[in-house]
Every structure is written in C-alpha cells, then in structure tokens.
>>> print(open('input-v2.csv').read())   # CSV, C-alpha atoms and all ligand atoms
chain,number,residue,atom,x,y,z
L,1,MET,CA,6.0,-21.9,-5.7
L,2,ARG,CA,6.8,-18.2,-5.1
L,3,HIS,CA,4.9,-16.4,-7.9
L,4,LEU,CA,1.6,-16.6,-9.8
L,5,LEU,CA,2.5,-15.5,-13.3
L,6,GLY,CA,0.1,-17.6,-15.4
L,7,MET,CA,-2.4,-20.4,-15.1
L,8,GLY,CA,0.3,-22.8,-16.3
L,9,ASP,CA,1.9,-22.3,-12.8
L,10,LEU,CA,-1.0,-24.3,-11.2
L,11,ASP,CA,-1.5,-28.0,-11.8
L,12,ALA,CA,-5.0,-29.4,-11.3
L,13,ASP,CA,-4.4,-30.1,-7.5
L,14,GLU,CA,-3.2,-26.6,-7.0
L,15,LEU,CA,-6.2,-25.2,-8.8
L,16,VAL,CA,-8.5,-27.1,-6.5
L,17,GLU,CA,-6.6,-25.8,-3.5
L,18,VAL,CA,-6.9,-22.2,-4.6
L,19,LEU,CA,-10.7,-22.7,-5.2
L,20,ASP,CA,-11.1,-24.4,-1.8
L,21,VAL,CA,-9.2,-21.7,0.1
L,22,ALA,CA,-11.2,-19.0,-1.9
L,23,ASP,CA,-14.4,-20.7,-0.9
L,24,ALA,CA,-13.3,-20.4,2.8
L,25,PHE,CA,-12.7,-16.7,2.2
L,26,VAL,CA,-16.1,-16.2,0.6
L,27,GLU,CA,-17.5,-17.3,3.9
L,28,VAL,CA,-15.2,-14.9,5.7
L,29,GLY,CA,-16.5,-12.1,3.5
L,30,GLN,CA,-20.0,-12.8,4.7
L,31,ARG,CA,-19.2,-12.2,8.3
L,32,ALA,CA,-20.0,-9.0,10.1
L,33,ASN,CA,-16.3,-8.5,10.4
L,34,PRO,CA,-14.7,-9.8,7.2
L,35,LYS,CA,-11.2,-9.3,8.3
L,36,VAL,CA,-8.7,-12.0,9.4
L,37,PRO,CA,-5.2,-11.6,10.8
L,38,ALA,CA,-3.4,-14.0,8.4
L,39,LEU,CA,-1.0,-11.6,6.8
L,40,ARG,CA,-0.5,-9.1,9.7
L,41,GLY,CA,2.9,-7.5,9.3
L,42,ARG,CA,3.2,-8.3,5.6
L,43,THR,CA,3.1,-5.6,2.9
L,44,VAL,CA,1.5,-6.0,-0.5
L,45,ALA,CA,2.3,-3.5,-3.3
L,46,THR,CA,-0.1,-2.9,-6.2
L,47,VAL,CA,1.9,-1.7,-9.1
L,48,PHE,CA,-0.4,-0.9,-12.1
L,49,PHE,CA,0.9,0.6,-15.3
L,50,GLU,CA,-2.5,0.2,-17.0
L,51,SER,CA,-6.1,1.3,-16.1
L,52,SER,CA,-8.0,-0.8,-13.7
L,53,THR,CA,-11.0,-0.5,-11.5
L,54,ARG,CA,-12.0,-3.9,-10.2
L,55,THR,CA,-8.7,-5.7,-10.3
L,56,ARG,CA,-6.7,-3.1,-8.3
L,57,VAL,CA,-9.5,-2.4,-5.8
L,58,SER,CA,-10.0,-6.1,-5.4
L,59,PHE,CA,-6.4,-7.0,-4.7
L,60,GLU,CA,-6.2,-4.1,-2.2
L,61,THR,CA,-9.4,-5.1,-0.5
L,62,ALA,CA,-8.1,-8.7,-0.3
L,63,ALA,CA,-4.8,-7.6,1.2
L,64,LYS,CA,-6.5,-5.4,3.8
L,65,ARG,CA,-9.0,-8.2,4.7
L,66,LEU,CA,-5.9,-10.4,5.4
L,67,SER,CA,-4.6,-7.5,7.6
L,68,ALA,CA,-1.6,-6.9,5.3
L,69,ASP,CA,-0.4,-3.3,4.7
L,70,VAL,CA,-1.0,-2.0,1.2
L,71,LEU,CA,1.4,0.1,-0.8
L,72,SER,CA,-0.3,1.5,-3.9
L,73,PHE,CA,1.9,2.7,-6.8
L,74,SER,CA,0.6,4.8,-9.6
L,75,ALA,CA,2.7,4.9,-12.8
L,76,GLY,CA,1.2,8.2,-14.0
L,77,THR,CA,2.6,10.2,-11.1
L,78,SER,CA,5.8,8.2,-10.6
L,79,SER,CA,9.5,8.9,-11.4
L,80,LEU,CA,9.0,6.9,-14.6
L,81,ASN,CA,8.0,10.3,-15.9
L,82,LYS,CA,11.5,11.6,-15.0
L,83,GLY,CA,13.1,8.8,-17.1
L,84,GLU,CA,13.6,6.2,-14.4
L,85,SER,CA,13.7,2.7,-15.8
L,86,LEU,CA,11.1,0.0,-15.0
L,87,ARG,CA,13.8,-2.1,-13.3
L,88,ASP,CA,15.0,0.8,-11.1
L,89,THR,CA,11.4,1.6,-10.2
L,90,ILE,CA,10.6,-2.0,-9.3
L,91,GLU,CA,13.7,-2.4,-7.3
L,92,THR,CA,13.0,0.9,-5.4
L,93,ILE,CA,9.6,-0.4,-4.4
L,94,GLU,CA,11.1,-3.7,-3.3
L,95,SER,CA,13.6,-1.8,-1.2
L,96,MET,CA,10.7,-0.4,0.9
L,97,GLY,CA,10.3,-3.9,2.3
L,98,ILE,CA,7.4,-5.5,0.5
L,99,ASP,CA,6.4,-9.2,0.5
L,100,ALA,CA,4.3,-9.3,-2.6
L,101,LEU,CA,4.1,-7.2,-5.8
L,102,VAL,CA,0.9,-7.3,-7.8
L,103,ILE,CA,1.6,-6.0,-11.2
L,104,ARG,CA,-0.4,-5.0,-14.3
L,105,HIS,CA,1.3,-3.9,-17.5
L,106,ALA,CA,0.3,-3.3,-21.1
L,107,ALA,CA,3.3,-5.4,-22.3
L,108,ALA,CA,3.1,-9.2,-22.2
L,109,GLY,CA,5.9,-10.8,-20.2
L,110,VAL,CA,6.6,-7.9,-17.8
L,111,PRO,CA,5.6,-9.9,-14.7
L,112,VAL,CA,7.9,-12.7,-15.7
L,113,GLN,CA,10.8,-10.3,-16.1
L,114,VAL,CA,10.0,-8.5,-12.8
L,115,ALA,CA,10.0,-11.9,-11.0
L,116,ARG,CA,13.5,-12.4,-12.3
L,117,TRP,CA,14.7,-9.1,-11.0
L,118,LEU,CA,13.3,-9.5,-7.5
L,119,SER,CA,15.2,-11.6,-5.0
L,120,SER,CA,12.6,-12.4,-2.4
L,121,THR,CA,9.3,-10.8,-3.3
L,122,CYS,CA,6.3,-12.8,-4.6
L,123,VAL,CA,5.0,-11.5,-7.9
L,124,VAL,CA,1.4,-11.8,-8.9
L,125,ASN,CA,0.4,-11.1,-12.5
L,126,ALA,CA,-2.7,-8.8,-12.5
L,127,GLY,CA,-2.8,-8.8,-16.3
L,128,ASP,CA,0.0,-8.4,-18.8
L,129,GLY,CA,-0.9,-7.2,-22.3
L,130,ALA,CA,-2.7,-9.8,-24.2
L,131,HIS,CA,-0.9,-12.6,-22.4
L,132,GLU,CA,-2.4,-13.8,-19.1
L,133,HIS,CA,-4.7,-12.7,-16.3
L,134,PRO,CA,-4.6,-15.7,-14.0
L,135,THR,CA,-6.7,-14.4,-11.0
L,136,GLN,CA,-9.5,-13.5,-13.4
L,137,ALA,CA,-9.6,-17.0,-14.7
L,138,LEU,CA,-9.5,-18.4,-11.1
L,139,ILE,CA,-12.5,-16.1,-10.3
L,140,ASP,CA,-14.4,-17.6,-13.3
L,141,LEU,CA,-13.6,-21.1,-12.2
L,142,LEU,CA,-14.8,-20.5,-8.7
L,143,THR,CA,-18.0,-18.8,-10.0
L,144,ILE,CA,-18.7,-21.7,-12.3
L,145,ARG,CA,-18.1,-24.3,-9.5
L,146,GLN,CA,-20.4,-22.4,-7.1
L,147,VAL,CA,-23.3,-22.7,-9.6
L,148,ARG,CA,-22.7,-26.1,-11.1
L,149,ASP,CA,-21.8,-27.8,-7.8
L,150,PRO,CA,-23.1,-25.7,-4.9
L,151,GLY,CA,-21.1,-26.3,-1.8
L,152,GLY,CA,-19.0,-28.8,-3.7
L,153,LYS,CA,-15.3,-29.5,-3.4
L,154,GLY,CA,-13.1,-30.8,-6.2
L,155,VAL,CA,-13.6,-30.1,-9.9
L,156,GLY,CA,-15.8,-32.9,-11.2
L,157,CYS,CA,-18.3,-30.3,-12.3
L,158,PHE,CA,-15.9,-29.1,-15.0
L,159,ALA,CA,-15.6,-32.5,-16.8
L,160,GLY,CA,-17.3,-32.1,-20.2
L,161,LEU,CA,-18.7,-28.7,-19.3
L,162,ALA,CA,-19.5,-26.8,-22.5
L,163,VAL,CA,-17.9,-23.3,-22.2
L,164,THR,CA,-18.2,-20.8,-25.1
L,165,ILE,CA,-15.9,-17.8,-25.0
L,166,VAL,CA,-17.1,-15.0,-27.2
L,167,GLY,CA,-15.4,-11.9,-28.5
L,168,ASP,CA,-12.0,-10.3,-28.8
L,169,ILE,CA,-10.0,-13.5,-28.2
L,170,ARG,CA,-7.1,-12.1,-30.1
L,171,HIS,CA,-6.3,-9.4,-27.6
L,172,SER,CA,-7.7,-11.0,-24.5
L,173,ARG,CA,-5.5,-12.1,-21.6
L,174,VAL,CA,-8.6,-13.3,-19.8
L,175,ALA,CA,-9.4,-15.8,-22.7
L,176,ARG,CA,-5.8,-17.2,-22.6
L,177,SER,CA,-5.9,-17.8,-18.9
L,178,GLN,CA,-9.5,-19.1,-19.0
L,179,VAL,CA,-8.7,-21.6,-21.8
L,180,CYS,CA,-5.7,-22.9,-19.9
L,181,GLY,CA,-7.6,-23.4,-16.6
L,182,LEU,CA,-10.8,-24.8,-18.1
L,183,ALA,CA,-9.0,-27.3,-20.4
L,184,ARG,CA,-6.9,-28.5,-17.4
L,185,LEU,CA,-10.1,-29.3,-15.5
L,186,GLY,CA,-11.7,-31.1,-18.5
L,187,ALA,CA,-14.1,-28.5,-19.8
L,188,ARG,CA,-14.8,-28.4,-23.6
L,189,VAL,CA,-14.1,-24.9,-24.8
L,190,THR,CA,-15.5,-23.3,-27.9
L,191,LEU,CA,-14.2,-20.0,-29.2
L,192,VAL,CA,-16.6,-17.7,-31.1
L,193,ALA,CA,-15.4,-14.5,-32.7
L,194,PRO,CA,-15.1,-12.8,-36.1
L,195,ALA,CA,-12.1,-14.2,-37.9
L,196,THR,CA,-10.2,-10.9,-37.3
L,197,LEU,CA,-10.6,-11.2,-33.6
L,198,LEU,CA,-9.1,-14.7,-33.3
L,199,PRO,CA,-5.4,-15.0,-32.7
L,200,PRO,CA,-3.3,-15.4,-35.9
L,201,SER,CA,-2.5,-19.0,-34.8
L,202,LEU,CA,-4.5,-21.2,-32.5
L,203,GLU,CA,-1.9,-24.0,-32.6
L,204,GLY,CA,-1.5,-25.5,-29.2
L,205,TRP,CA,-4.7,-24.0,-27.8
L,206,PRO,CA,-6.6,-26.8,-26.0
L,207,VAL,CA,-10.0,-25.8,-27.5
L,208,GLU,CA,-12.6,-28.1,-28.9
L,209,ALA,CA,-14.1,-25.9,-31.6
L,210,ILE,CA,-13.7,-22.4,-33.2
L,211,GLY,CA,-16.7,-20.8,-34.9
L,212,HIS,CA,-18.2,-17.6,-36.1
L,213,ASP,CA,-21.9,-18.4,-35.5
L,214,LEU,CA,-22.9,-17.6,-32.0
L,215,ASP,CA,-26.6,-18.6,-32.4
L,216,ALA,CA,-25.5,-22.1,-33.5
L,217,VAL,CA,-23.6,-22.9,-30.3
L,218,LEU,CA,-25.7,-21.2,-27.6
L,219,PRO,CA,-28.3,-24.0,-27.4
L,220,THR,CA,-25.6,-26.5,-26.3
L,221,THR,CA,-23.6,-24.1,-24.1
L,222,ASP,CA,-23.4,-24.4,-20.3
L,223,VAL,CA,-21.3,-21.3,-19.7
L,224,VAL,CA,-20.9,-18.2,-21.9
L,225,SER,CA,-18.0,-16.0,-21.2
L,226,LEU,CA,-18.2,-12.6,-22.9
L,227,LEU,CA,-15.2,-10.5,-23.7
L,228,ARG,CA,-14.9,-6.8,-24.3
L,229,VAL,CA,-13.6,-5.5,-27.6
L,230,GLN,CA,-10.2,-4.3,-26.4
L,231,GLU,CA,-10.1,-1.0,-28.3
L,232,GLU,CA,-7.0,0.2,-26.3
L,233,ARG,CA,-5.2,-2.7,-28.0
L,234,GLY,CA,-6.3,-1.7,-31.4
L,235,SER,CA,-9.4,-3.9,-31.8
L,236,GLY,CA,-11.4,-1.1,-33.3
L,237,THR,CA,-9.5,-1.6,-36.5
L,238,TYR,CA,-10.3,-5.3,-36.6
L,239,VAL,CA,-14.1,-4.9,-36.8
L,240,PRO,CA,-16.0,-2.7,-39.2
L,241,SER,CA,-17.8,-1.0,-36.3
L,242,LEU,CA,-18.9,-1.8,-32.8
L,243,ARG,CA,-22.5,-1.8,-34.0
L,244,GLU,CA,-21.7,-4.5,-36.6
L,245,TYR,CA,-19.8,-6.4,-33.9
L,246,ALA,CA,-22.8,-6.2,-31.6
L,247,HIS,CA,-25.1,-7.4,-34.4
L,248,GLY,CA,-23.1,-10.6,-34.9
L,249,TYR,CA,-21.7,-11.3,-31.5
L,250,GLY,CA,-23.5,-9.3,-28.8
L,251,LEU,CA,-25.6,-11.3,-26.4
L,252,THR,CA,-29.1,-9.9,-27.1
L,253,ALA,CA,-32.2,-11.0,-25.2
L,254,ALA,CA,-33.1,-13.1,-28.3
L,255,ARG,CA,-29.8,-14.9,-28.2
L,256,ALA,CA,-29.9,-15.3,-24.4
L,257,ALA,CA,-33.2,-17.1,-24.9
L,258,LEU,CA,-31.4,-19.8,-27.0
L,259,LEU,CA,-29.4,-20.9,-24.0
L,260,PRO,CA,-30.4,-23.9,-21.9
L,261,PRO,CA,-32.3,-23.0,-18.8
L,262,ASP,CA,-29.4,-23.6,-16.4
L,263,ALA,CA,-26.8,-21.9,-18.4
L,264,VAL,CA,-24.9,-18.9,-16.9
L,265,VAL,CA,-23.2,-15.9,-18.4
L,266,LEU,CA,-19.8,-14.5,-17.3
L,267,HIS,CA,-18.0,-11.3,-18.1
L,268,PRO,CA,-14.8,-10.1,-16.5
L,269,GLY,CA,-15.8,-6.4,-16.8
L,270,PRO,CA,-15.6,-3.7,-17.7
L,271,VAL,CA,-18.9,-4.2,-19.6
L,272,ILE,CA,-19.7,-2.0,-22.6
L,273,ARG,CA,-23.4,-2.1,-22.5
L,274,GLY,CA,-25.0,-2.6,-25.9
L,275,VAL,CA,-21.9,-4.0,-27.5
L,276,GLU,CA,-20.9,-7.4,-26.1
L,277,VAL,CA,-24.2,-7.7,-24.1
L,278,ALA,CA,-27.6,-5.9,-24.3
L,279,PRO,CA,-28.4,-3.8,-21.2
L,280,GLU,CA,-31.6,-5.8,-20.4
L,281,VAL,CA,-29.6,-9.1,-20.5
L,282,LEU,CA,-27.4,-7.8,-17.7
L,283,ASP,CA,-30.3,-8.0,-15.4
L,284,LEU,CA,-31.1,-11.6,-16.0
L,285,PRO,CA,-30.4,-14.0,-13.0
L,286,ALA,CA,-28.1,-16.1,-15.3
L,287,VAL,CA,-25.7,-13.2,-15.6
L,288,LEU,CA,-23.1,-13.5,-12.8
L,289,VAL,CA,-21.0,-10.4,-13.4
L,290,ARG,CA,-21.6,-9.0,-9.8
L,291,ARG,CA,-20.9,-12.4,-8.3
L,292,GLN,CA,-17.6,-12.6,-10.2
L,293,VAL,CA,-16.6,-9.2,-8.7
L,294,SER,CA,-17.4,-10.3,-5.1
L,295,ASN,CA,-15.6,-13.7,-5.7
L,296,GLY,CA,-12.6,-11.6,-6.9
L,297,VAL,CA,-11.8,-10.5,-3.4
L,298,ALA,CA,-12.0,-14.1,-2.0
L,299,VAL,CA,-9.8,-15.5,-4.9
L,300,ARG,CA,-7.2,-12.8,-4.4
L,301,MET,CA,-7.2,-13.4,-0.6
L,302,ALA,CA,-6.6,-17.0,-1.4
L,303,VAL,CA,-3.7,-16.3,-3.8
L,304,LEU,CA,-2.0,-13.8,-1.4
L,305,PHE,CA,-2.6,-16.2,1.6
L,306,LEU,CA,-1.2,-19.2,-0.2
L,307,LEU,CA,1.9,-17.3,-1.5
L,308,LEU,CA,2.6,-15.4,1.7
L,309,GLY,CA,1.0,-17.3,4.5
L,310,SER,CA,3.9,-19.8,4.7
L,311,GLY,CA,6.5,-19.2,7.3
L,312,ASP,CA,9.2,-21.0,5.3
L,313,ARG,CA,10.0,-18.4,2.7
L,314,PRO,CA,13.6,-17.3,3.1
L,315,SER,CA,12.7,-13.6,3.3
L,316,SER,CA,9.8,-14.0,5.7
L,317,GLY,CA,11.4,-15.7,8.7
L,318,SER,CA,11.3,-12.6,10.9
L,319,ARG,CA,8.0,-11.3,9.5
L,320,GLY,CA,5.9,-14.4,9.3
L,321,ALA,CA,2.2,-14.6,10.0
L,322,GLY,CA,2.8,-17.1,12.8
L,323,GLY,CA,0.9,-17.1,16.1
L,324,ASP,CA,-2.4,-15.9,14.7
L,325,GLY,CA,-3.9,-19.1,13.4
L,326,ALA,CA,-2.9,-19.0,9.7
L,327,SER,CA,-0.5,-21.5,8.6
L,328,ALA,CA,-1.0,-22.7,5.0
L,329,GLY,CA,2.3,-23.8,3.4
L,330,GLY,CA,2.6,-22.0,0.1
L,331,LEU,CA,0.7,-23.8,-2.7
L,332,GLY,CA,2.2,-27.0,-1.4
L,333,PRO,CA,-0.4,-28.8,0.8
L,334,GLY,CA,-2.9,-31.1,-0.8
L,335,PRO,CA,-6.4,-30.1,-1.7
L,336,GLY,CA,-8.5,-29.0,1.2
L,337,GLU,CA,-5.7,-28.9,3.7
L,338,ALA,CA,-5.1,-25.2,3.4
L,339,ALA,CA,-8.8,-24.6,3.3
L,340,ARG,CA,-9.0,-26.0,6.8
L,341,THR,CA,-6.1,-23.9,8.2
L,342,VAL,CA,-7.8,-20.8,6.8
L,343,GLU,CA,-10.5,-21.1,9.4
L,344,VAL,CA,-9.0,-18.2,11.3
L,345,SER,CA,-10.8,-16.1,13.7
L,346,ALA,CA,-11.7,-12.5,12.9
L,347,VAL,CA,-9.4,-9.7,14.1
L,348,ASP,CA,-10.9,-7.5,16.8
L,349,ASP,CA,-9.3,-4.3,15.6
L,350,ALA,CA,-10.7,-4.2,12.1
F,401,LIG,C1,-10.1,-7.5,-18.0
F,401,LIG,C2,-8.6,-7.1,-18.2
F,401,LIG,O1,-8.2,-6.0,-17.7
F,401,LIG,O2,-7.9,-7.8,-18.8
F,401,LIG,N1,-10.7,-6.9,-16.9
F,401,LIG,C3,-10.5,-7.3,-15.6
F,401,LIG,O3,-9.4,-7.4,-15.2
F,401,LIG,N2,-11.6,-7.5,-14.9
F,401,LIG,C4,-10.8,-7.5,-19.3
F,401,LIG,C5,-11.0,-6.2,-20.0
F,401,LIG,O4,-10.4,-5.2,-19.7
F,401,LIG,O5,-11.9,-6.2,-20.9
>>> encode(input="input-v2.csv", output="structure tokens")
Amino acid sequence: MRHLLGMGDLDADELVEVLDVADAFVEVGQRANPKVPALRGRTVATVFFESSTRTRVSFETAAKRLSADVLSFSAGTSSLNKGESLRDTIETIESMGIDALVIRHAAAGVPVQVARWLSSTCVVNAGDGAHEHPTQALIDLLTIRQVRDPGGKGVGCFAGLAVTIVGDIRHSRVARSQVCGLARLGARVTLVAPATLLPPSLEGWPVEAIGHDLDAVLPTTDVVSLLRVQEERGSGTYVPSLREYAHGYGLTAARAALLPPDAVVLHPGPVIRGVEVAPEVLDLPAVLVRRQVSNGVAVRMAVLFLLLGSGDRPSSGSRGAGGDGASAGGLGPGPGEAARTVEVSAVDDA
C-alpha cells in the first residue's frame, strides 16, 4: 500500500498495526528526547488548501520527530494565485524531491486525483471536503483503545462498543472516516443530529441507529463523539441558529450527567465552546480532547513510518531509512511486527 486516502484502505489487521505502531510512538513521545532517526533523509510535504491548526502542526511535528525534512506549502501565497493549475502545482512540489505529500483540500476526491498524478510519492489525505479524514479517525480509535483497554493490543475492546456521533454528520469527513473504522472493528454506531444535518442518504452506512433525541441515547453510550457545525460548508443554513442547535444537541453538564460513569467524550477540534459542548463540560476528566491532540502526533508518526519506512519502494532505494534501526515494511507486516521494529533509539542530534 502506497497511500492513505481513506479508512477503506485499511483492513482490520492493518488498523491494528497502525494502532500498535502509534502506541509505540506514544511511548517515544514521553521520552526526554522524543525524536527517532527512522525517516532521516526523507522529505514530507504538507500541502494545505484549507485552514488547519492541529492537523498541519501535528503532521509536521510527526515528520520532524521521525527526522524527516518538512516542506510546508501554503496555498494562499502560492502561484495558484497567478493561475497555475492544481496539477502543475502538485507536480512542481513533487519535482523538489519529496517522499510523501500530506494534502488537505476543500473538495472531496482531490487526494485520490493527486495520487493518480504522482508517480512515486506517497499521498496522505489530511481531510478532503466532506469526504474523509482517515488520520483523525485513527486518532479516535487509538484514544478509545487506550481508555477501554489500557495497555491492550488488538481490537477486542471495540466489539459491541456503543459509540454515538453527534452533530453535523452531513458535512463531516471525520464522521465518515469514524463510521468506517468503528464499524470494521465491531462497534455499534448511532448517529444523532437534526434531520437537516444528516446526509441526504445513509444507504450503505454501517450504522446501527439514527436518531434526533440525544438525551435518549446518552445513558447507553460508551463513547460520544461530538462534531462541529461546519459553517464553512454552509451548515449555518441547515439549522435555525447555533443557539437552537446547542439547545437540542450541545453536550451540557446536565446531558453529560446522563452518561454512564465510564463513558468518554471525544471531539476532533476545533471546539466551538457553548455550541456543541458547554465550556464547563470541557473540563471534565471524561473529555479527551487534549489526549486526542497528543495522540495525533503518534498516529501520524505511525502512518508516515509505515508508508515511508520500507526500503522496498521503487523511488526510495537510494534514500531509504536503512542502517538506523527502523525497518517496518509498508503496511504489510502482521499486527505487532512493525510495533517491535519501531523500538528505535533516540537520535543524539535532536
Ligand atoms: C476536523 C476537520 O478539519 O475536518 N478537524 C480536524 O482535523 N481536527 C473537524 C472540524 O473542522 O470541525
């Protein structure tokens, strides 16, 4: 496998492998020197055509902690403003000699198209329109596994897990990727949203239930995943007002009290305080937003490592990561195997 374009690219074994390698990188992140030499000599380009705080910084931090060089492209100040096409822009960046291109775009399908244009570069989808955001879903899976099965390997903790995804599902790439990953691992997913913020068709979505009454599902929910109302995709016109949305679907303190004691709350960020979640709820120990962000670096390290860490990619023969202890073979090896090879020593020049 050369690219990560959507959660459908990963079967259950590969999901486990990414989570296990990410767990190893969580441990690396806790060291005094959180840097490893695994991708020394490789270059990762972050190419974002849409706003981002955590995803871009997270990918760049991940690449740097793997000792890769980072090339950071900003659409707003690029030659796109002079009329250059997307394809020419992308091919220009590839000509600089990059190994991976991490792309975010407001249009669904752009990462898939870009992957077709590029001959030897790995493409990672960092969010395309309302389509997919696979690394965010991987973060959420890792975060859930850490709390439901501390120190555990495998994905048994997902079997029968009741996950409720609340909010702007219609416009959410996070929801699409989450549903795909959670269902593959055996979780029971319920979608809760106003009718206008559900997709026009849910045919083929592997969800157990769809509802509009958040209070009714919270007492039997293990994991709540809150979504922002995506106003930049026009959501504002799908709800009478954000105040009304908050009244029906915001996680207030009273609603949080309906959850079972061991339930947890996720949110991919950015959080709009007072809309999808009350400010005081954000301080509850069950709310894992900060942990999701720190897991983000480890998950993206795992994805970049598994895509680029192999010496057998045609383009990487002369620039491989060999000789420094990192040797995972793409997303190929069985669960746990790559996690063992990721036990690389810290670099001394960090
Ligand atoms: C999400 C995104 O951009 O899709 N955020 C993220 O990547 N952490 C969700 C959002 O913008 O609401």
>>> residues_near_ligand(input="input-v2.csv", ligand="ligand LIG 401 (chain F)", cutoff="7 Å", atoms="all atoms listed in the file", output="ChimeraX atom specification")
/L:52,54-55,127,133,136,172-174,227-230,268-270
>>> closest_atom_pairs(input="input-v2.csv", of="segment 72-179 of chain L", to="segment 275-285 of chain L", cutoff="12 Å", atoms="only C-alpha atoms", output="CSV")
residue,atom,partner,partner_atom,distance
L:Val147,CA,L:Pro285,CA,11.7
L:Ile165,CA,L:Glu276,CA,11.6
L:Val166,CA,L:Glu276,CA,8.6
L:Gly167,CA,L:Glu276,CA,7.5
L:Asp168,CA,L:Glu276,CA,9.7
>>> atom_distance(input="input-v2.csv", atom1="atom CA of Phe59 of chain L", atom2="atom CA of Leu266 of chain L")
19.9 Å
>>> residues_around(input="input-v2.csv", residues="Pro219 of chain L", least_positions_apart="3", cutoff="12 Å", atoms="only C-alpha atoms", output="list of chain:residue names")
L:Ala162, L:Val163, L:Thr164, L:Asp213, L:Leu214, L:Asp215, L:Ala216, L:Asp222, L:Val223, L:Val224, L:Ala254, L:Arg255, L:Ala256, L:Ala257, L:Leu258, L:Leu259, L:Pro260, L:Pro261, L:Asp262, L:Ala263
>>> atom_distance(input="input-v2.csv", atom1="atom CA of Gly76 of chain L", atom2="atom CA of Ser51 of chain L")
10.3 Å
>>> residues_around(input="input-v2.csv", residues="Gly186 of chain L", least_positions_apart="6", cutoff="8 Å", atoms="all atoms listed in the file", output="number ranges by chain")
L: 158-161
>>> closest_residue(input="input-v2.csv", among="L:Ser72, L:Thr89, L:Gln113, L:Ser119", to="Val44 of chain L", atoms="all atoms listed in the file")
L:Ser72
>>> atom_distance(input="input-v2.csv", atom1="atom CA of Val123 of chain L", atom2="atom CA of Val21 of chain L")
19.2 Å
>>> closest_residue(input="input-v2.csv", among="L:Pro150, L:Gly156, L:Gly250, L:Gly181", to="Pro194 of chain L", atoms="all atoms listed in the file")
L:Gly250
>>> closest_residue(input="input-v2.csv", among="L:Leu66, L:Ile272, L:Cys180, L:Val36", to="Arg243 of chain L", atoms="only C-alpha atoms")
L:Ile272
>>> closest_residue(input="input-v2.csv", among="L:Glu231, L:Glu203, L:Glu132, L:Glu244", to="Gly6 of chain L", atoms="all atoms listed in the file")
L:Glu132
>>> residues_around(input="input-v2.csv", residues="Arg104 of chain L", least_positions_apart="6", cutoff="8 Å", atoms="all atoms listed in the file", output="list in words")
Val47, Phe48, Phe49, Glu50, Pro111, Asn125, Ala126, Gly127 and Asp128 of chain L
>>> residues_around(input="input-v2.csv", residues="Arg184 of chain L", least_positions_apart="2", cutoff="12 Å", atoms="all atoms listed in the file", output="VMD selection string")
chain L and resid 7 to 16 141 155 to 156 158 to 161 177 to 182 186 to 189 205 to 207
>>> residues_around(input="input-v2.csv", residues="Ala22 of chain L", least_positions_apart="3", cutoff="10 Å", atoms="all atoms listed in the file", output="list of chain:residue names")
L:Val16, L:Glu17, L:Val18, L:Leu19, L:Phe25, L:Val26, L:Glu27, L:Val28, L:Leu138, L:Ile139, L:Leu142, L:Asn295, L:Gly296, L:Val297, L:Ala298, L:Val299, L:Arg300, L:Met301, L:Ala302, L:Val303, L:Phe305, L:Ala339, L:Val342
>>> write_last_selection(input="input-v2.csv", atoms="C-alpha atoms", output="PDB file, in the coordinates of the input")
ATOM      1  CA  VAL L  16      -8.500 -27.100  -6.500  1.00  0.00           C
ATOM      2  CA  GLU L  17      -6.600 -25.800  -3.500  1.00  0.00           C
ATOM      3  CA  VAL L  18      -6.900 -22.200  -4.600  1.00  0.00           C
ATOM      4  CA  LEU L  19     -10.700 -22.700  -5.200  1.00  0.00           C
ATOM      5  CA  PHE L  25     -12.700 -16.700   2.200  1.00  0.00           C
ATOM      6  CA  VAL L  26     -16.100 -16.200   0.600  1.00  0.00           C
ATOM      7  CA  GLU L  27     -17.500 -17.300   3.900  1.00  0.00           C
ATOM      8  CA  VAL L  28     -15.200 -14.900   5.700  1.00  0.00           C
ATOM      9  CA  LEU L 138      -9.500 -18.400 -11.100  1.00  0.00           C
ATOM     10  CA  ILE L 139     -12.500 -16.100 -10.300  1.00  0.00           C
ATOM     11  CA  LEU L 142     -14.800 -20.500  -8.700  1.00  0.00           C
ATOM     12  CA  ASN L 295     -15.600 -13.700  -5.700  1.00  0.00           C
ATOM     13  CA  GLY L 296     -12.600 -11.600  -6.900  1.00  0.00           C
ATOM     14  CA  VAL L 297     -11.800 -10.500  -3.400  1.00  0.00           C
ATOM     15  CA  ALA L 298     -12.000 -14.100  -2.000  1.00  0.00           C
ATOM     16  CA  VAL L 299      -9.800 -15.500  -4.900  1.00  0.00           C
ATOM     17  CA  ARG L 300      -7.200 -12.800  -4.400  1.00  0.00           C
ATOM     18  CA  MET L 301      -7.200 -13.400  -0.600  1.00  0.00           C
ATOM     19  CA  ALA L 302      -6.600 -17.000  -1.400  1.00  0.00           C
ATOM     20  CA  VAL L 303      -3.700 -16.300  -3.800  1.00  0.00           C
ATOM     21  CA  PHE L 305      -2.600 -16.200   1.600  1.00  0.00           C
ATOM     22  CA  ALA L 339      -8.800 -24.600   3.300  1.00  0.00           C
ATOM     23  CA  VAL L 342      -7.800 -20.800   6.800  1.00  0.00           C
TER      24      VAL L 342
END
